[in-house]
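First up is the structure itself, then whatever we jot down about it.
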Amino acid sequence: MKGFHVVVALLTVLFGQSMAYIEEFQAHDPQEFHKAAMDKFLEMRRKDPSVSLNQEGEFMTMANRRAVERLRRKPDEALSLRKVDMIAAPDGGEASEVMLELPGPSADGDKFLQAAVNQQFSNQVMLPQEARAMGVAFVEDIGLGAISKAGALPLGTEGEWLAFAEKKLKQEESLDYQALLWELGSEIIENSQRERGVMNLTHEMELVQKMEAWFYERGGKIHFAKPTVSLENGFQLIATEDVREYDPVVTAPLQLIMCRQTARNVVIPNRGKYLGDELQKTFEKNELWGMVIFVLHEYYKEVNGKGSKWGPFLRTLRMRFLSTPVVKEIQGTIALRMNNKWLKDSDDFMWWSVGADGPCSPTTGICRTKPEDKIGDTRFNIHQIRWAYWVVKQNAVRIKQIATGMEFIALIPFYNFIEKRLGVGGGITFDLDGTVSVRAGKHHEEDLPVMIHPGNMTDSEFFLRYLRLPEERNEHTEVKLSLPGVIPKGSKFHYCVKGTFREQNKDECKASYRSDAMFWKSKVLTEWRKTMNLPPRMQELRMWANRLHIYGGEEEQKLLSQANSIIAGLPLPVDLVPAEEQLMMLGIAKDNLEAALIATGPQGDRPPPQLYTAPDPTEDPEADRAMQNLATLALQAQKTVFTGNVMLNATQVVMNRTRDFFQHGVLPMAGLDELDNFLLKKIGMLAHCGFENDMKIVYGNVSEELLCAMRVHLMNESEIFVFCPKDARVWEDNCMDVSFLNYTAISERNEMDVVTALRTSIHGLLASYPTTIDEDTALIAQGEASLAAAALRHAKPYRLRFREKEILFSALSFLDAHEEKVRNGSVVFQLAMKAQERVEADLRAAEHAKFVEEVKRLAAVKADLATLEVDLGAELGKKNLTLHEGDDLARTVRLFCQEHHVTSNYVDTLEKALRARVVSPPPLQLMLGAVTNLGDRRILAIPEGRNATVETGVFCAKFDKAEQVTDTPWCQALLRRVEQRLQPASFQRRILLVVPVDAPDSRKLKLVIREGEQHDLVQLVSDFFEVYRMPPDSVYMMAQEVHKRLPAVALQIPVGLSAQRQVQIRFSLNDNITNVVEGFTNFYELDDHVKVQIMKRARHGMAPGTFMV
């Protein structure tokens, strides 16, 4: 078998009389842990046939114990219900009330920060004793409420329903089958290597020699150095002579490098397709993920196929894993969080890889452990993905091509032999001849290991990649914290979901990206409320209650299901994010009632909610799952009451509805609730604070981005409403017309809350470490006094802890200094200034609202052209003779006389009287054809002397029924076009001709032709007739008359218009050619390129004999 062997390097550090291990264990084979675990299982099975892979069995119990030991999950006792004192006796005696409560979440940096922020809002409305008493009552109310009586939660006054929440918590904390095998297998390998304690030098040297021969054979070179392997230092590249800084020590043609570019030339066995093409989506999604599949694909070709062109190189790569003693030592550090994040990210990738866009499908043939077989596994499991993920993380390097600036990550032969040290110089170059060169850092003397600067990174990342620490203080080390609502790096979520019309129509905002944006916001709202002890979302209560069928039978559920299908084209499936919520997030529906009306029709279309009995959870797994989720949401609400976190009005409203649901069975409305809308405003402001990776504490400072996010989180309702009014939605204009100064303090109260919350969270972080900074200082001094020089080069978890604590203590000093600045008036606050801006913005908004109402009123007016009251005698009384626009006056009078039996001798009298009442309109300053949202073409006509903005607004109101009619993208675009036509910057819009026209309704009209309008006379006259409702059969005759009166045509040039019919631009003698062309291109909205071409043709045509290319 060609499988790789597992090797180990153990280093022992003696501290006086005690012994602690600083060590790693390593594996070449992706399935090493899995194989070790299954061998252990078979061994136990041989001794006891009853041993199984059941989660409650002895074997999996061992695996769970290992997971707890390596801090991968909490012990079961930490996930169990416990009794806590709710109302302490005043004399210190026994508690007067007890209740069951679930333990809080894991304590990491983010949780401490979130808890500190939450503390600023908690217990400000009521005393702690009052909040606790209300918490006891709330638990009882749920146990005896309508939802419990319907069987959706267990009945009882002692918090019996909490058992379902406990069950859900344990399930969420548990590891799956493969992850448990990984934990147990890693323990077996770790123990085995600890006992063996040395590498197989013969085998390792053989691997190095084969790799070296392969490297030279394929065109690679090693300069001034030689590769070696030893028990003390593992793989190294030792200088064979003095090496100057930036001298190339390793040069390799691109074909020897494993990267995205070289994957393009790899043919997939039995497929005939190229690996790079099949991995294109994966590389675009995440370059690291693409490299993981590339490594596994080539690895299994090497060990189970016909060999890989990178085989000798792959055989020297290994996963280096922290041993359990080291994991315990780094408890509470960023490194441990990063270690667990790598595991989670690799697991997430494993599941994505087998999805619709993933590379591991039966048709691609990429993810086969036996590449030559046409049947068998077509996906990589969690063990294989984790192994390759670690290999790439620990050995890959980022390369930048000098000529193009293109960057990519790559695995370079012998790069893993070079010692990594920050600040020593050197680096990787991708030369113009396609050669990749690894260049040494600083000056190296003969017989010393070659070193290189691996790129800027934090201590934690350096520690996990290379299992050692930088020698000196690392300026790039930071403590990253995060808060709900801070957007991921590079996110375009906000403008893709609710940006400008142009932004939303960018290619990057189409299809899946908008879906991702919608899902992200929905997920953030849920997580925010959970982590900050806010009541659950009404939408979630509604969803899980409906899944228990307690609000109706099959007929009602069918109606509810059909209702969602009415909405087409939403970014996400309605079973993932309900239609009402999506409609409100997109700004299509302003409130819950409007969203419900759009999604489900009038309320009369559905039967009213009625409580029914819930299914038995012991018989129905889905019912059990729904009850677990309902219980968890009830627990979330109980924590809100217990912490007194009801300071916000929106929180109180939602909390009251939560009580109504659990106690009285009132089903919440679908869509966003009041607290959702409030938090969305904060999310909108957080978008100005920076990305997740900007939220950090560094030596002696807290980043401006983190301070900004803290200020937003700690803003109360009155402060938020200065920037976005209470009744406004986050995407509306009046929520954006007061700018937020992201790096300026809000108010003194807010800034002091920020200082207090940060200080509290830092103290919480310091308390989470297993040692104090003084104890770490003593360990460092004791270790340096006793360690050998070679061992000093390896990882020191206590120094890692110490450096993180240095940063945190320096941040406390920064906060002390900042607090003093706040108190002595050195900090500028923006709230007062922004409050005045809000007053001014509200005045502008009121004026705009008044304008919109006036526009709508004018649009609704349908005035007649003229009305004449006619006395028909005592018998018939008085009747109105009405002339409508476009009607023939003489015919109107005749029809009136015929209808009311008026003799013909009165016809002339009535015609003269009616004609006298007709008022002729002023000439038009603009006629503009516009296609409405319904696809109809209408003519916007603006008379001279009228306000163009008002006239355009009236036009919009006639053909668009939006509430804010002048603010729609269509109307805003039309307003811009009107301004372009009326106020051209590049030409003079002079009057060319005025033609008087007698309309059939007796009005004296004037057809005014201005520069730019003379080229398509039939269309111009047709629009004029349509405006004044004259019969179209005279259009061509009128167009001919206008043509005769205009200056004679000297030159016509046909111009093709995109997706439109051809138009001929006309020139007359003595025309200003520039003015004519500018007017033409303005009228037909042509770009500069077309304008130049027309200009050239015109000048050539108007001056015969002129040379033109």
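By convention in this document, the chains of the structure tokens carry letters A, B, ... by their order, each chain's residues are numbered from 1, and ligands are numbered from 1 in the order they are shown.
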
Excluding region 150-156 of chain A and any residue of its chain fewer than 3 positions from it, enumerate the residues within 10 Å of it, using only C-alpha atoms, and give them as a PyMOL selection string.
chain A and resi 139-147+159-164+544-545+548-551+611-617+623-624+626-628+630-631+634+662+665

Which residues are near region 1094-1102 of chain A? Cut-off 12 Å, only C-alpha atoms, ignore same chain within fewer than 6 positions. Put them as JSON, numbers by chain.
{"A": [1049, 1050, 1051, 1052, 1053, 1054, 1055, 1056, 1064, 1065, 1066, 1067, 1068, 1069, 1070, 1071, 1072, 1073, 1074, 1075, 1076, 1077, 1078, 1079, 1080, 1081, 1086, 1087, 1088, 1108, 1109]}

What would the file look like if the residues just selected were written as a CSV table (one decimal), in the first residue's frame with N, CA, C and O atoms?
chain,number,residue,atom,x,y,z
A,1049,VAL,N,-33.7,71.4,-46.8
A,1049,VAL,CA,-32.7,70.4,-46.4
A,1049,VAL,C,-31.6,70.4,-47.4
A,1049,VAL,O,-31.8,70.3,-48.6
A,1050,ALA,N,-30.4,70.5,-46.8
A,1050,ALA,CA,-29.2,70.5,-47.7
A,1050,ALA,C,-28.5,69.1,-47.6
A,1050,ALA,O,-27.8,68.7,-48.5
A,1051,LEU,N,-28.6,68.4,-46.4
A,1051,LEU,CA,-28.0,67.1,-46.2
A,1051,LEU,C,-28.8,66.4,-45.2
A,1051,LEU,O,-29.2,66.9,-44.2
A,1052,GLN,N,-29.0,65.1,-45.5
A,1052,GLN,CA,-29.6,64.2,-44.5
A,1052,GLN,C,-28.7,63.0,-44.3
A,1052,GLN,O,-28.2,62.4,-45.3
A,1053,ILE,N,-28.5,62.6,-43.1
A,1053,ILE,CA,-27.6,61.4,-42.7
A,1053,ILE,C,-28.4,60.4,-41.9
A,1053,ILE,O,-28.9,60.8,-40.9
A,1054,PRO,N,-28.6,59.2,-42.4
A,1054,PRO,CA,-29.3,58.2,-41.6
A,1054,PRO,C,-28.5,57.8,-40.4
A,1054,PRO,O,-27.3,57.6,-40.5
A,1055,VAL,N,-29.2,57.7,-39.3
A,1055,VAL,CA,-28.5,57.3,-38.0
A,1055,VAL,C,-29.3,56.2,-37.4
A,1055,VAL,O,-30.5,56.3,-37.2
A,1056,GLY,N,-28.6,55.1,-37.2
A,1056,GLY,CA,-29.2,53.9,-36.6
A,1056,GLY,C,-29.2,54.0,-35.1
A,1056,GLY,O,-28.2,54.4,-34.4
A,1064,GLN,N,-33.2,60.2,-39.7
A,1064,GLN,CA,-32.3,60.9,-40.5
A,1064,GLN,C,-32.1,62.3,-39.9
A,1064,GLN,O,-33.1,63.0,-39.7
A,1065,ILE,N,-30.8,62.6,-39.6
A,1065,ILE,CA,-30.5,64.0,-39.1
A,1065,ILE,C,-30.5,64.9,-40.3
A,1065,ILE,O,-29.9,64.6,-41.3
A,1066,ARG,N,-31.2,66.1,-40.2
A,1066,ARG,CA,-31.2,67.0,-41.4
A,1066,ARG,C,-30.4,68.3,-41.1
A,1066,ARG,O,-30.4,68.8,-40.0
A,1067,PHE,N,-29.8,68.7,-42.1
A,1067,PHE,CA,-29.0,69.9,-42.1
A,1067,PHE,C,-29.4,70.9,-43.2
A,1067,PHE,O,-29.7,70.4,-44.3
A,1068,SER,N,-29.5,72.2,-42.8
A,1068,SER,CA,-29.8,73.2,-43.8
A,1068,SER,C,-28.6,74.1,-44.0
A,1068,SER,O,-27.7,74.1,-43.2
A,1069,LEU,N,-28.6,74.8,-45.1
A,1069,LEU,CA,-27.5,75.7,-45.3
A,1069,LEU,C,-27.5,76.8,-44.2
A,1069,LEU,O,-28.5,77.2,-43.7
A,1070,ASN,N,-26.3,77.2,-43.8
A,1070,ASN,CA,-26.1,78.2,-42.8
A,1070,ASN,C,-26.4,77.6,-41.4
A,1070,ASN,O,-26.4,78.4,-40.4
A,1071,ASP,N,-26.7,76.3,-41.3
A,1071,ASP,CA,-26.9,75.8,-39.9
A,1071,ASP,C,-25.6,75.7,-39.2
A,1071,ASP,O,-24.5,75.6,-39.7
A,1072,ASN,N,-25.7,75.9,-37.8
A,1072,ASN,CA,-24.5,75.7,-37.0
A,1072,ASN,C,-24.4,74.2,-36.7
A,1072,ASN,O,-25.2,73.6,-36.0
A,1073,ILE,N,-23.5,73.5,-37.4
A,1073,ILE,CA,-23.4,72.1,-37.4
A,1073,ILE,C,-23.3,71.5,-36.0
A,1073,ILE,O,-23.9,70.5,-35.7
A,1074,THR,N,-22.4,72.2,-35.3
A,1074,THR,CA,-22.2,71.7,-33.9
A,1074,THR,C,-23.5,71.7,-33.1
A,1074,THR,O,-23.9,70.8,-32.4
A,1075,ASN,N,-24.2,72.8,-33.2
A,1075,ASN,CA,-25.5,73.0,-32.5
A,1075,ASN,C,-26.5,71.9,-32.9
A,1075,ASN,O,-27.3,71.3,-32.1
A,1076,VAL,N,-26.6,71.7,-34.2
A,1076,VAL,CA,-27.6,70.7,-34.7
A,1076,VAL,C,-27.2,69.3,-34.2
A,1076,VAL,O,-28.1,68.6,-33.8
A,1077,VAL,N,-25.9,68.9,-34.3
A,1077,VAL,CA,-25.5,67.6,-33.8
A,1077,VAL,C,-25.8,67.4,-32.3
A,1077,VAL,O,-26.2,66.4,-31.8
A,1078,GLU,N,-25.4,68.5,-31.6
A,1078,GLU,CA,-25.6,68.4,-30.1
A,1078,GLU,C,-27.0,68.3,-29.8
A,1078,GLU,O,-27.4,67.5,-28.9
A,1079,GLY,N,-27.9,69.0,-30.5
A,1079,GLY,CA,-29.3,68.9,-30.2
A,1079,GLY,C,-29.9,67.6,-30.6
A,1079,GLY,O,-30.7,67.0,-29.9
A,1080,PHE,N,-29.4,67.0,-31.7
A,1080,PHE,CA,-29.9,65.7,-32.1
A,1080,PHE,C,-29.5,64.6,-31.1
A,1080,PHE,O,-30.3,63.8,-30.7
A,1081,THR,N,-28.2,64.6,-30.7
A,1081,THR,CA,-27.7,63.6,-29.7
A,1081,THR,C,-28.4,63.7,-28.4
A,1081,THR,O,-28.6,62.7,-27.7
A,1086,LEU,N,-27.8,59.9,-27.4
A,1086,LEU,CA,-26.7,59.2,-28.0
A,1086,LEU,C,-25.4,59.5,-27.3
A,1086,LEU,O,-25.3,60.6,-26.8
A,1087,ASP,N,-24.5,58.6,-27.3
A,1087,ASP,CA,-23.3,58.8,-26.5
A,1087,ASP,C,-22.3,59.6,-27.4
A,1087,ASP,O,-22.5,59.9,-28.6
A,1088,ASP,N,-21.1,59.9,-26.7
A,1088,ASP,CA,-20.1,60.8,-27.4
A,1088,ASP,C,-19.5,60.1,-28.6
A,1088,ASP,O,-19.2,60.8,-29.6
A,1108,MET,N,-11.8,62.8,-45.5
A,1108,MET,CA,-12.2,62.2,-44.2
A,1108,MET,C,-11.8,60.7,-44.3
A,1108,MET,O,-12.0,60.1,-45.4
A,1109,VAL,N,-11.3,60.2,-43.3
A,1109,VAL,CA,-10.9,58.8,-43.2
A,1109,VAL,C,-12.1,58.1,-42.6
A,1109,VAL,O,-12.6,58.4,-41.5

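Note that CA of Phe380 (chain A) and CA of Leu314 (chain A) are 17.6 Å apart.
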